$ cat entry_12.cif   # mmCIF, C-alpha atoms and all ligand atoms
data_model
#
loop_
_atom_site.label_atom_id
_atom_site.label_comp_id
_atom_site.auth_asym_id
_atom_site.auth_seq_id
_atom_site.Cartn_x
_atom_site.Cartn_y
_atom_site.Cartn_z
CA MET E 1 -18.17 -6.99 33.93
CA PRO E 2 -14.46 -6.31 34.54
CA THR E 3 -13.71 -2.61 34.75
CA SER E 4 -11.14 -3.08 31.98
CA ASP E 5 -13.97 -3.86 29.51
CA ARG E 6 -14.00 -1.14 26.90
CA HIS E 7 -16.67 -0.75 24.24
CA ASP E 8 -15.42 2.58 22.89
CA PHE E 9 -14.72 1.34 19.35
CA ALA E 10 -17.29 -1.47 19.02
CA SER E 11 -19.89 0.84 17.50
CA ASP E 12 -20.96 4.46 17.54
CA ASN E 13 -24.10 3.39 19.40
CA THR E 14 -22.16 2.28 22.47
CA SER E 15 -21.73 5.98 23.32
CA ALA E 16 -23.68 7.95 25.91
CA ILE E 17 -26.19 10.74 25.27
CA CYS E 18 -24.43 14.02 24.48
CA PRO E 19 -24.76 16.84 27.05
CA GLU E 20 -26.72 19.15 24.75
CA ALA E 21 -29.34 16.48 24.03
CA TRP E 22 -29.50 15.57 27.71
CA ALA E 23 -30.00 19.22 28.71
CA ALA E 24 -32.75 19.67 26.14
CA LEU E 25 -34.48 16.56 27.46
CA ALA E 26 -34.29 17.87 31.02
CA GLU E 27 -35.68 21.21 29.91
CA ALA E 28 -38.65 19.51 28.25
CA ASN E 29 -39.31 17.46 31.37
CA GLN E 30 -41.86 19.70 33.03
CA GLY E 31 -45.56 20.29 32.92
CA ALA E 32 -48.14 18.79 30.60
CA GLU E 33 -47.75 18.98 26.85
CA VAL E 34 -49.75 17.90 23.81
CA SER E 35 -49.08 14.31 22.72
CA TYR E 36 -48.72 12.40 19.44
CA GLY E 37 -46.46 14.83 17.60
CA ASP E 38 -48.39 18.05 18.06
CA ASP E 39 -46.06 19.26 20.81
CA ARG E 40 -43.76 22.26 20.69
CA CYS E 41 -40.54 20.21 20.67
CA THR E 42 -41.60 18.28 17.59
CA GLU E 43 -42.68 21.52 15.91
CA LYS E 44 -39.27 22.99 16.68
CA VAL E 45 -37.41 19.98 15.24
CA ARG E 46 -39.44 20.30 12.03
CA ALA E 47 -38.49 23.98 11.78
CA GLN E 48 -34.81 23.24 12.51
CA VAL E 49 -34.74 20.56 9.80
CA ARG E 50 -36.26 22.99 7.29
CA GLU E 51 -33.61 25.52 8.23
CA ILE E 52 -30.70 23.07 8.02
CA PHE E 53 -31.79 21.75 4.62
CA GLU E 54 -32.87 25.19 3.39
CA THR E 55 -36.09 23.86 1.98
CA ASP E 56 -39.72 23.25 2.86
CA CYS E 57 -39.42 19.57 3.78
CA GLU E 58 -41.64 17.40 5.95
CA THR E 59 -40.25 15.55 9.00
CA PHE E 60 -41.47 12.58 11.04
CA ILE E 61 -39.91 11.01 14.15
CA VAL E 62 -39.69 7.24 14.55
CA PHE E 63 -37.91 5.13 17.17
CA ASN E 64 -34.96 3.73 15.22
CA GLY E 65 -33.15 3.50 11.92
CA THR E 66 -34.69 0.23 10.81
CA ALA E 67 -38.14 1.78 11.13
CA ALA E 68 -37.04 4.96 9.35
CA ASN E 69 -35.63 3.03 6.39
CA SER E 70 -38.41 0.45 6.19
CA LEU E 71 -41.29 2.87 6.44
CA ALA E 72 -39.65 5.30 4.02
CA LEU E 73 -39.16 2.55 1.43
CA ALA E 74 -42.65 1.19 2.05
CA GLN E 75 -43.97 4.67 1.32
CA LEU E 76 -42.17 4.72 -2.03
CA CYS E 77 -42.94 1.18 -3.16
CA GLN E 78 -45.89 -1.03 -3.98
CA PRO E 79 -45.51 -4.73 -3.03
CA PHE E 80 -44.56 -5.55 -6.65
CA HIS E 81 -41.73 -3.01 -6.73
CA SER E 82 -38.04 -3.44 -5.99
CA VAL E 83 -35.22 -1.35 -4.55
CA LEU E 84 -31.60 -1.21 -5.69
CA CYS E 85 -29.14 -1.08 -2.82
CA HIS E 86 -25.54 -2.02 -2.11
CA GLU E 87 -25.03 -5.70 -1.29
CA ARG E 88 -23.64 -4.66 2.12
CA ALA E 89 -26.44 -2.16 2.79
CA HIS E 90 -27.93 -2.13 6.27
CA ILE E 91 -31.40 -2.56 4.73
CA GLU E 92 -30.18 -5.75 3.05
CA THR E 93 -28.03 -7.31 5.77
CA ASP E 94 -29.15 -5.86 9.10
CA GLU E 95 -32.87 -5.16 9.16
CA CYS E 96 -34.32 -8.66 9.39
CA GLY E 97 -36.38 -8.19 6.23
CA ALA E 98 -38.19 -5.15 7.65
CA PRO E 99 -38.17 -3.19 4.36
CA GLU E 100 -39.75 -6.18 2.59
CA PHE E 101 -42.18 -6.70 5.49
CA PHE E 102 -43.38 -3.11 5.79
CA SER E 103 -43.67 -2.67 2.04
CA GLY E 104 -45.70 -5.86 1.82
CA GLY E 105 -43.21 -7.60 -0.43
CA ALA E 106 -41.06 -5.08 -2.29
CA LYS E 107 -37.81 -6.84 -3.12
CA LEU E 108 -34.32 -5.58 -2.44
CA LEU E 109 -31.89 -5.94 -5.35
CA PRO E 110 -28.32 -6.07 -4.00
CA VAL E 111 -25.70 -4.38 -6.19
CA GLY E 112 -21.95 -4.84 -5.84
CA GLY E 113 -19.44 -2.03 -5.75
CA LYS E 114 -16.11 -1.07 -4.23
CA ASN E 115 -15.77 0.49 -0.79
CA GLY E 116 -19.44 0.13 0.08
CA LYS E 117 -20.60 2.27 -2.84
CA ILE E 118 -23.01 1.10 -5.52
CA ASP E 119 -21.33 0.40 -8.86
CA LEU E 120 -23.54 2.23 -11.33
CA ALA E 121 -22.63 -0.03 -14.27
CA LEU E 122 -23.76 -3.06 -12.24
CA ALA E 123 -26.93 -1.20 -11.24
CA ALA E 124 -27.62 -0.41 -14.90
CA ALA E 125 -27.11 -4.08 -15.79
CA ILE E 126 -29.70 -5.12 -13.20
CA LEU E 127 -32.11 -2.49 -14.49
CA ALA E 128 -31.67 -3.89 -18.00
CA GLN E 129 -32.79 -7.31 -16.75
CA HIS E 130 -35.96 -5.93 -15.17
CA ARG E 131 -37.94 -4.95 -18.22
CA ASP E 132 -41.39 -6.49 -17.91
CA VAL E 133 -43.96 -7.94 -15.51
CA HIS E 134 -41.91 -11.07 -14.87
CA SER E 135 -39.58 -9.30 -12.46
CA ALA E 136 -40.41 -6.85 -9.71
CA LYS E 137 -40.45 -3.33 -11.15
CA VAL E 138 -37.47 -1.32 -9.93
CA ARG E 139 -38.89 1.72 -8.20
CA ALA E 140 -36.23 3.07 -5.88
CA LEU E 141 -32.53 3.30 -5.27
CA SER E 142 -31.30 3.43 -1.68
CA LEU E 143 -27.84 4.68 -0.76
CA ALA E 144 -26.18 4.84 2.62
CA GLN E 145 -24.43 8.15 3.34
CA ALA E 146 -21.96 7.60 4.98
CA THR E 147 -21.77 4.00 3.75
CA GLU E 148 -21.56 0.87 5.87
CA MET E 149 -17.87 0.71 4.91
CA GLY E 150 -17.19 4.16 6.32
CA THR E 151 -16.87 5.86 2.95
CA VAL E 152 -18.73 8.90 1.68
CA TYR E 153 -20.34 9.65 -1.69
CA SER E 154 -19.09 13.01 -2.94
CA PRO E 155 -21.62 15.48 -4.41
CA ASN E 156 -20.34 14.48 -7.88
CA GLU E 157 -20.84 10.80 -7.15
CA MET E 158 -24.33 11.59 -5.87
CA GLU E 159 -24.98 13.48 -9.09
CA ALA E 160 -24.11 10.37 -11.13
CA VAL E 161 -26.40 8.25 -8.96
CA ALA E 162 -29.15 10.83 -9.33
CA ALA E 163 -28.77 10.79 -13.12
CA LEU E 164 -29.28 7.02 -13.20
CA ALA E 165 -32.28 7.34 -10.90
CA LEU E 166 -33.78 10.05 -13.07
CA GLU E 167 -33.17 8.09 -16.28
CA HIS E 168 -35.07 5.10 -14.89
CA ALA E 169 -37.67 7.07 -12.91
CA LEU E 170 -36.44 5.71 -9.56
CA PHE E 171 -36.98 7.37 -6.23
CA LEU E 172 -33.76 8.15 -4.39
CA HIS E 173 -33.65 7.25 -0.69
CA LEU E 174 -30.73 8.01 1.59
CA ASP E 175 -29.99 5.90 4.65
CA GLY E 176 -28.43 8.63 6.75
CA ALA E 177 -27.79 6.76 9.99
CA ARG E 178 -24.41 8.56 9.72
CA PHE E 179 -25.57 11.50 7.62
CA ALA E 180 -23.93 13.96 10.05
CA ASN E 181 -20.56 12.23 9.60
CA ALA E 182 -20.92 12.48 5.82
CA VAL E 183 -21.75 16.20 5.94
CA ALA E 184 -18.89 16.84 8.36
CA SER E 185 -16.52 14.86 6.16
CA LEU E 186 -17.49 16.67 2.95
CA GLY E 187 -17.79 20.08 4.55
CA CYS E 188 -20.76 20.72 2.27
CA ALA E 189 -24.21 22.12 2.85
CA PRO E 190 -26.73 19.35 3.66
CA ARG E 191 -28.78 20.34 0.60
CA GLU E 192 -25.82 19.55 -1.68
CA ILE E 193 -26.03 15.83 -0.97
CA THR E 194 -29.79 15.55 -0.59
CA TRP E 195 -32.55 17.34 -2.49
CA GLU E 196 -30.18 19.19 -4.80
CA ARG E 197 -28.95 15.75 -5.89
CA GLY E 198 -32.40 14.33 -6.40
CA VAL E 199 -32.89 12.68 -2.99
CA GLN E 200 -36.60 12.52 -2.17
CA VAL E 201 -36.42 10.88 1.25
CA LEU E 202 -33.74 10.82 3.95
CA SER E 203 -33.51 8.64 7.04
CA PHE E 204 -31.70 11.15 9.25
CA GLY E 205 -29.90 9.44 12.12
CA GLY E 206 -29.41 10.92 15.56
CA THR E 207 -28.79 7.85 17.70
CA LYS E 208 -25.21 7.29 16.58
CA ASN E 209 -24.57 11.01 16.82
CA GLY E 210 -25.46 11.55 20.48
CA LEU E 211 -29.12 10.68 21.13
CA ALA E 212 -30.67 7.79 23.02
CA ALA E 213 -33.23 7.03 20.31
CA GLY E 214 -35.36 8.61 17.64
CA GLU E 215 -34.53 8.96 13.96
CA LEU E 216 -36.09 11.36 11.51
CA VAL E 217 -37.71 10.59 8.18
CA VAL E 218 -37.39 13.70 6.03
CA PHE E 219 -39.41 14.05 2.82
CA PHE E 220 -38.01 16.66 0.45
CA ASP E 221 -40.89 15.99 -1.91
CA ARG E 222 -43.83 16.76 0.34
CA ALA E 223 -46.33 15.05 -1.96
CA LEU E 224 -44.60 11.75 -1.16
CA ALA E 225 -45.29 12.22 2.54
CA ARG E 226 -49.03 11.93 1.99
CA GLU E 227 -50.60 9.73 4.69
CA PHE E 228 -47.16 8.78 6.00
CA ASP E 229 -48.47 9.64 9.47
CA TYR E 230 -50.85 6.66 9.18
CA ARG E 231 -47.98 4.38 8.13
CA VAL E 232 -45.94 5.52 11.13
CA LYS E 233 -48.82 4.80 13.49
CA GLN E 234 -49.66 1.42 11.95
CA GLY E 235 -45.99 0.48 12.08
CA GLY E 236 -45.96 1.02 15.84
CA GLN E 237 -43.66 3.99 15.44
CA LEU E 238 -45.77 6.84 16.77
CA ALA E 239 -44.59 7.70 20.27
CA SER E 240 -47.40 9.19 22.31
CA LYS E 241 -44.98 11.32 24.33
CA THR E 242 -43.28 12.57 21.20
CA ARG E 243 -41.79 15.53 23.01
CA PHE E 244 -39.27 13.26 24.71
CA LEU E 245 -37.97 11.93 21.40
CA ALA E 246 -38.05 15.40 19.88
CA ALA E 247 -36.50 17.41 22.72
CA PRO E 248 -33.04 15.78 22.46
CA TRP E 249 -33.16 16.41 18.71
CA THR E 250 -33.71 20.12 19.37
CA GLY E 251 -30.52 20.11 21.45
CA LEU E 252 -28.62 18.21 18.76
CA LEU E 253 -29.72 20.46 15.89
CA ALA E 254 -29.20 23.78 17.71
CA ASN E 255 -25.86 25.56 17.29
CA ASP E 256 -24.57 22.86 14.91
CA VAL E 257 -24.06 20.39 17.76
CA TRP E 258 -24.85 17.56 15.31
CA LEU E 259 -21.90 18.67 13.15
CA LYS E 260 -19.64 19.28 16.12
CA ASN E 261 -20.34 15.72 17.32
CA ALA E 262 -19.74 14.29 13.87
CA ARG E 263 -16.50 16.23 13.42
CA GLN E 264 -15.21 14.88 16.71
CA ALA E 265 -16.07 11.30 15.68
CA ASN E 266 -14.45 11.76 12.26
CA GLU E 267 -11.37 13.42 13.72
CA MET E 268 -10.90 10.60 16.24
CA ALA E 269 -11.09 8.05 13.39
CA ARG E 270 -8.42 10.05 11.57
CA LEU E 271 -6.22 10.02 14.66
CA LEU E 272 -6.81 6.31 15.18
CA GLU E 273 -5.81 5.65 11.57
CA GLU E 274 -2.65 7.69 12.02
CA LYS E 275 -1.64 5.84 15.17
CA LEU E 276 -2.56 2.32 14.05
CA CYS E 277 -1.02 2.69 10.60
CA ALA E 278 2.18 3.98 12.21
CA ALA E 279 2.17 0.73 14.22
CA GLY E 280 1.77 -1.41 11.08
CA GLY E 281 -2.03 -1.42 10.69
CA ARG E 282 -3.44 -1.66 7.17
CA LEU E 283 -6.78 -0.17 6.06
CA ALA E 284 -9.31 -2.24 4.12
CA PHE E 285 -11.32 0.79 2.95
CA PRO E 286 -10.46 4.48 2.77
CA ARG E 287 -11.30 6.29 6.02
CA GLU E 288 -13.71 9.05 5.11
CA ALA E 289 -16.00 9.35 8.12
CA ASN E 290 -15.95 7.86 11.64
CA ALA E 291 -15.14 4.23 10.84
CA LEU E 292 -11.86 2.42 10.45
CA PHE E 293 -11.75 -0.97 8.74
CA LEU E 294 -8.47 -2.73 9.40
CA HIS E 295 -6.87 -5.88 8.11
CA LEU E 296 -5.85 -7.43 11.38
CA PRO E 297 -4.21 -10.80 11.94
CA ASN E 298 -6.73 -12.72 14.04
CA ASP E 299 -4.21 -13.41 16.80
CA ILE E 300 -3.61 -9.68 17.26
CA ALA E 301 -7.35 -9.05 17.37
CA GLU E 302 -7.66 -11.76 20.02
CA LYS E 303 -4.87 -10.21 22.08
CA MET E 304 -6.64 -6.84 21.92
CA GLN E 305 -9.91 -8.47 22.96
CA ALA E 306 -8.11 -10.21 25.83
CA ARG E 307 -6.99 -6.76 26.96
CA GLY E 308 -10.68 -5.84 27.30
CA TRP E 309 -11.31 -4.10 23.97
CA HIS E 310 -14.57 -5.03 22.30
CA PHE E 311 -14.88 -4.67 18.54
CA TYR E 312 -16.22 -6.74 15.69
CA LYS E 313 -14.89 -8.65 12.76
CA PHE E 314 -16.77 -7.30 9.76
CA LEU E 315 -15.53 -9.32 6.83
CA GLU E 316 -13.77 -12.64 6.56
CA PRO E 317 -11.01 -13.47 6.77
CA ASP E 318 -9.44 -10.56 8.67
CA VAL E 319 -11.25 -7.22 8.39
CA TYR E 320 -12.21 -5.66 11.73
CA ARG E 321 -14.24 -2.50 12.25
CA LEU E 322 -13.39 0.25 14.73
CA MET E 323 -16.00 2.98 15.15
CA CYS E 324 -15.50 6.38 16.73
CA SER E 325 -18.29 8.48 18.16
CA TRP E 326 -18.93 11.99 19.46
CA SER E 327 -17.61 10.82 22.83
CA THR E 328 -14.36 9.24 21.65
CA THR E 329 -11.41 11.07 23.16
CA THR E 330 -7.76 11.46 22.22
CA ALA E 331 -6.91 9.62 25.44
CA GLY E 332 -9.15 6.73 24.40
CA VAL E 333 -7.50 6.54 20.98
CA GLU E 334 -4.06 6.62 22.58
CA ALA E 335 -4.95 3.87 25.04
CA PHE E 336 -6.13 1.67 22.17
CA ALA E 337 -3.06 2.46 20.08
CA THR E 338 -0.72 1.68 22.97
CA ASP E 339 -2.32 -1.73 23.47
CA PHE E 340 -2.29 -2.30 19.72
CA GLN E 341 1.42 -1.66 19.61
CA ALA E 342 2.01 -4.05 22.49
CA ALA E 343 -0.20 -6.73 20.89
CA SER E 344 1.58 -6.36 17.53
CA ALA E 345 5.08 -6.53 19.00
C1 LIG J 401 -27.10 1.82 12.65
C2 LIG J 401 -27.58 1.89 11.27
C3 LIG J 401 -28.96 1.98 10.98
C4 LIG J 401 -30.03 1.98 12.04
O1 LIG J 401 -30.07 0.87 12.86
P1 LIG J 401 -31.11 0.70 14.05
O2 LIG J 401 -30.41 -0.24 14.95
O3 LIG J 401 -32.35 0.15 13.48
O4 LIG J 401 -31.35 2.04 14.64
C5 LIG J 401 -29.34 2.12 9.66
N1 LIG J 401 -28.43 2.17 8.67
C6 LIG J 401 -27.10 2.07 8.90
C7 LIG J 401 -26.15 2.17 7.76
C8 LIG J 401 -26.64 1.91 10.20
O5 LIG J 401 -25.33 1.81 10.43
#

$ encode --input "entry_12.cif" --output "structure tokens" --more "lines below"
Ligand SMILES: *Cc1c(COP(=O)(O)O)cnc(C)c1O
Amino acid sequence: MPTSDRHDFASDNTSAICPEAWAALAEANQGAEVSYGDDRCTEKVRAQVREIFETDCETFIVFNGTAANSLALAQLCQPFHSVLCHERAHIETDECGAPEFFSGGAKLLPVGGKNGKIDLALAAAILAQHRDVHSAKVRALSLAQATEMGTVYSPNEMEAVAALALEHALFLHLDGARFANAVASLGCAPREITWERGVQVLSFGGTKNGLAAGELVVFFDRALAREFDYRVKQGGQLASKTRFLAAPWTGLLANDVWLKNARQANEMARLLEEKLCAAGGRLAFPREANALFLHLPNDIAEKMQARGWHFYKFLEPDVYRLMCSWSTTTAGVEAFATDFQAASA
């Protein structure tokens, strides 16, 4: 690979492991310890999550976000149920049918909506069409926070979603692969966009925020977590050496490192927006977290790629995504912006 190859903005999972997570992993790397989730690191993560969310929730560790989402939804749904989600939701477009597979057939019902957010009128229209046994009973609503388009639902928007869910007796699931970025963006308490807004289950992402692997499934309604440990094991998601998935989480959740990392990612996206828009760039969606979606003439994108920058086209004909992470630096943003200016000239 040429040394000029740069993956900084391709995704937030091209980043390294953050120092605090790495140190916590090193610290856990001694002696023998109980396996299968009964270790001290896992116990500590559970306590930290209860503290952060200020409630008595129940936490499980799985390997990745697809597993977290799929197993969470499978826990909420029978095979004859269905789940409302945005048409661009990761569970709909990027999980290879895993939610349907693990739930044994529960159907995803894609809903349109601007800027990656579910349009509640469209959701209500779909609900109105699902009245009897001839269509899969709608049982859950799944939101991404932050969304796949880099936007964030405000607490008020979450309240409106929660009202619809309550009216139709739907469970509310949050895909929080970028939950930290949403909290950092809103500057709110985590409870304000989760259980206080009717969320029963959260997939809490750490990978894109500085870990190597390991996402949390957090149940705010503990009754719903019943026998979830069996589902995790059957799904091939129970690590025997749980401490090594949990230890980095303890480093991430201590001293608000998870928020510090997310703030850095968000701030770098803000700076990137400032620099690229000053050079003629045009946003496709509002920048509210750590992603930038740009309308980019394809020839400029190709010139940038020829200069070694890797990033993806997200939407035809011309929308490209640039992601920032905890490890994105001002120097990295400036290097990209300088090349962007040259490519646009
Ligand atoms: C990255 C991501 C996930 C998790 O993906 P995995 O590759 O399975 O870890 C889930 N939801 C969203 C919105 C994501 O961006």

$ residues_around --input "entry_12.cif" --residues "Arg197 (chain E)" --least-positions-apart "5" --cutoff "8 Å" --atoms "all atoms listed in the file" --output "PyMOL selection string"
chain E and resi 155+158-159+162+191-192

$ residues_around --input "entry_12.cif" --residues "region 8-16 of chain E" --least-positions-apart "5" --cutoff "6 Å" --atoms "only C-alpha atoms" --output "number ranges by chain"
E: 208, 310-311, 322-325

$ residues_around --input "entry_12.cif" --residues "Ser70 (chain E)" --least-positions-apart "4" --cutoff "7 Å" --atoms "all atoms listed in the file" --output "list of chain:residue names"
E:Thr66, E:Ala74, E:Ala98, E:Pro99, E:Phe102

$ residues_near_ligand --input "entry_12.cif" --ligand "ligand LIG 401 (chain J)" --cutoff "6 Å" --atoms "all atoms listed in the file" --output "number ranges by chain"
E: 64-66, 90, 144, 148, 175, 177

$ write_last_selection --input "entry_12.cif" --atoms "C-alpha atoms" --output "CSV table (one decimal), in the frame of the given file"
chain,number,residue,atom,x,y,z
E,64,ASN,CA,-35.0,3.7,15.2
E,65,GLY,CA,-33.2,3.5,11.9
E,66,THR,CA,-34.7,0.2,10.8
E,90,HIS,CA,-27.9,-2.1,6.3
E,144,ALA,CA,-26.2,4.8,2.6
E,148,GLU,CA,-21.6,0.9,5.9
E,175,ASP,CA,-30.0,5.9,4.6
E,177,ALA,CA,-27.8,6.8,10.0

$ atom_distance --input "entry_12.cif" --atom1 "CA of Phe179 (chain E)" --atom2 "CA of Gln200 (chain E)"
14.8 Å

$ atom_distance --input "entry_12.cif" --atom1 "CA of Gly198 (chain E)" --atom2 "CA of Gly176 (chain E)"
14.9 Å

$ atom_distance --input "entry_12.cif" --atom1 "CA of Leu276 (chain E)" --atom2 "CA of Gly210 (chain E)"
25.5 Å

$ closest_residue --input "entry_12.cif" --among "E:Ala124, E:Val133, E:Leu141, E:Val319" --to "Ala301 (chain E)" --atoms "all atoms listed in the file"
E:Val319

$ axis_aligned_box --input "entry_12.cif" --around "region 330-339 of chain E" --padding-each-side "4 Å" --output "AutoDock Vina command-line options"
--center_x -4.9 --center_y 4.9 --center_z 22.8 --size_x 16.4 --size_y 21.2 --size_z 13.4

$ closest_residue --input "entry_12.cif" --among "E:Pro317, E:Gly308, E:Gly105, E:Gly97" --to "Asp339 (chain E)" --atoms "only C-alpha atoms"
E:Gly308

$ closest_residue --input "entry_12.cif" --among "E:Ala289, E:Leu122, E:Ala212, E:Leu271" --to "Leu186 (chain E)" --atoms "all atoms listed in the file"
E:Ala289

$ closest_residue --input "entry_12.cif" --among "E:Ala337, E:Ile193, E:Leu202, E:Met304" --to "Met268 (chain E)" --atoms "all atoms listed in the file"
E:Ala337

$ residues_near_point --input "entry_12.cif" --point "(-8.3, -5.2, 11.2)" --cutoff "7 Å" --atoms "all atoms listed in the file" --output "MDAnalysis selection string"
chainID E and resid 293:297 318:321

$ closest_residue --input "entry_12.cif" --among "E:Leu211, E:Ala269, E:Cys57, E:Leu315" --to "Ala21 (chain E)" --atoms "only C-alpha atoms"
E:Leu211

$ closest_residue --input "entry_12.cif" --among "E:Ala335, E:Ala121, E:Ala146, E:His173" --to "Leu224 (chain E)" --atoms "all atoms listed in the file"
E:His173

$ closest_atom_pairs --input "entry_12.cif" --of "region 168-241 of chain E" --to "region 46-51 of chain E" --cutoff "10 Å" --atoms "only C-alpha atoms" --output "CSV"
residue,atom,partner,partner_atom,distance
E:Phe204,CA,E:Val49,CA,9.9
E:Leu216,CA,E:Val49,CA,9.5
E:Val218,CA,E:Val49,CA,8.3
E:Phe220,CA,E:Arg50,CA,9.5

$ write_last_selection --input "entry_12.cif" --atoms "C-alpha atoms" --output "PDB file, in the frame of the given file"
ATOM      1  CA  PHE E 204     -31.700  11.150   9.250  1.00  0.00           C
ATOM      2  CA  LEU E 216     -36.090  11.360  11.510  1.00  0.00           C
ATOM      3  CA  VAL E 218     -37.390  13.700   6.030  1.00  0.00           C
ATOM      4  CA  PHE E 220     -38.010  16.660   0.450  1.00  0.00           C
TER       5      PHE E 220
END

$ residues_around --input "entry_12.cif" --residues "Asp38 (chain E)" --least-positions-apart "4" --cutoff "10 Å" --atoms "all atoms listed in the file" --output "compact mmCIF listing (two decimals) with C-alpha atoms, keeping the file's coordinate frame"
# COMPACT_ATOMS: atom_id res chain seq x y z
CA GLU E 33 -47.75 18.98 26.85
CA VAL E 34 -49.75 17.90 23.81
CA THR E 42 -41.60 18.28 17.59
CA GLU E 43 -42.68 21.52 15.91
CA SER E 240 -47.40 9.19 22.31
CA LYS E 241 -44.98 11.32 24.33
CA THR E 242 -43.28 12.57 21.20
CA ARG E 243 -41.79 15.53 23.01

$ decode --input "entry_12.cif" --residues "region 150-155 of chain E" --atoms "all heavy atoms" --output "PDB file, in the first residue's frame"
ATOM      1  N   GLY E 150     -25.933  11.173   9.612  1.00  0.00           N
ATOM      2  CA  GLY E 150     -25.153  12.087  10.448  1.00  0.00           C
ATOM      3  C   GLY E 150     -25.975  13.135  11.167  1.00  0.00           C
ATOM      4  O   GLY E 150     -25.429  14.121  11.662  1.00  0.00           O
ATOM      5  N   THR E 151     -27.276  12.927  11.223  1.00  0.00           N
ATOM      6  CA  THR E 151     -28.136  13.865  11.951  1.00  0.00           C
ATOM      7  C   THR E 151     -28.510  13.277  13.310  1.00  0.00           C
ATOM      8  O   THR E 151     -28.253  12.096  13.579  1.00  0.00           O
ATOM      9  CB  THR E 151     -29.415  14.178  11.143  1.00  0.00           C
ATOM     10  OG1 THR E 151     -30.063  12.945  10.824  1.00  0.00           O
ATOM     11  CG2 THR E 151     -29.079  14.925   9.860  1.00  0.00           C
ATOM     12  N   VAL E 152     -29.114  14.109  14.129  1.00  0.00           N
ATOM     13  CA  VAL E 152     -29.402  13.710  15.506  1.00  0.00           C
ATOM     14  C   VAL E 152     -30.858  14.052  15.833  1.00  0.00           C
ATOM     15  O   VAL E 152     -31.323  15.152  15.511  1.00  0.00           O
ATOM     16  CB  VAL E 152     -28.439  14.460  16.464  1.00  0.00           C
ATOM     17  CG1 VAL E 152     -28.809  14.223  17.913  1.00  0.00           C
ATOM     18  CG2 VAL E 152     -26.994  14.034  16.206  1.00  0.00           C
ATOM     19  N   TYR E 153     -31.573  13.122  16.432  1.00  0.00           N
ATOM     20  CA  TYR E 153     -32.930  13.414  16.924  1.00  0.00           C
ATOM     21  C   TYR E 153     -32.803  14.210  18.222  1.00  0.00           C
ATOM     22  O   TYR E 153     -32.133  13.775  19.157  1.00  0.00           O
ATOM     23  CB  TYR E 153     -33.686  12.131  17.254  1.00  0.00           C
ATOM     24  CG  TYR E 153     -34.115  11.273  16.076  1.00  0.00           C
ATOM     25  CD1 TYR E 153     -33.285  10.273  15.563  1.00  0.00           C
ATOM     26  CD2 TYR E 153     -35.381  11.422  15.498  1.00  0.00           C
ATOM     27  CE1 TYR E 153     -33.696   9.459  14.507  1.00  0.00           C
ATOM     28  CE2 TYR E 153     -35.802  10.612  14.440  1.00  0.00           C
ATOM     29  CZ  TYR E 153     -34.948   9.634  13.955  1.00  0.00           C
ATOM     30  OH  TYR E 153     -35.358   8.827  12.923  1.00  0.00           O
ATOM     31  N   SER E 154     -33.467  15.348  18.285  1.00  0.00           N
ATOM     32  CA  SER E 154     -33.453  16.128  19.519  1.00  0.00           C
ATOM     33  C   SER E 154     -34.354  15.432  20.550  1.00  0.00           C
ATOM     34  O   SER E 154     -35.177  14.588  20.183  1.00  0.00           O
ATOM     35  CB  SER E 154     -33.998  17.530  19.244  1.00  0.00           C
ATOM     36  OG  SER E 154     -35.387  17.436  18.955  1.00  0.00           O
ATOM     37  N   PRO E 155     -34.225  15.788  21.836  1.00  0.00           N
ATOM     38  CA  PRO E 155     -35.129  15.205  22.836  1.00  0.00           C
ATOM     39  C   PRO E 155     -36.603  15.424  22.462  1.00  0.00           C
ATOM     40  O   PRO E 155     -37.428  14.527  22.670  1.00  0.00           O
ATOM     41  CB  PRO E 155     -34.748  15.932  24.123  1.00  0.00           C
ATOM     42  CG  PRO E 155     -33.301  16.273  23.935  1.00  0.00           C
ATOM     43  CD  PRO E 155     -33.159  16.590  22.467  1.00  0.00           C
TER      44      PRO E 155
END
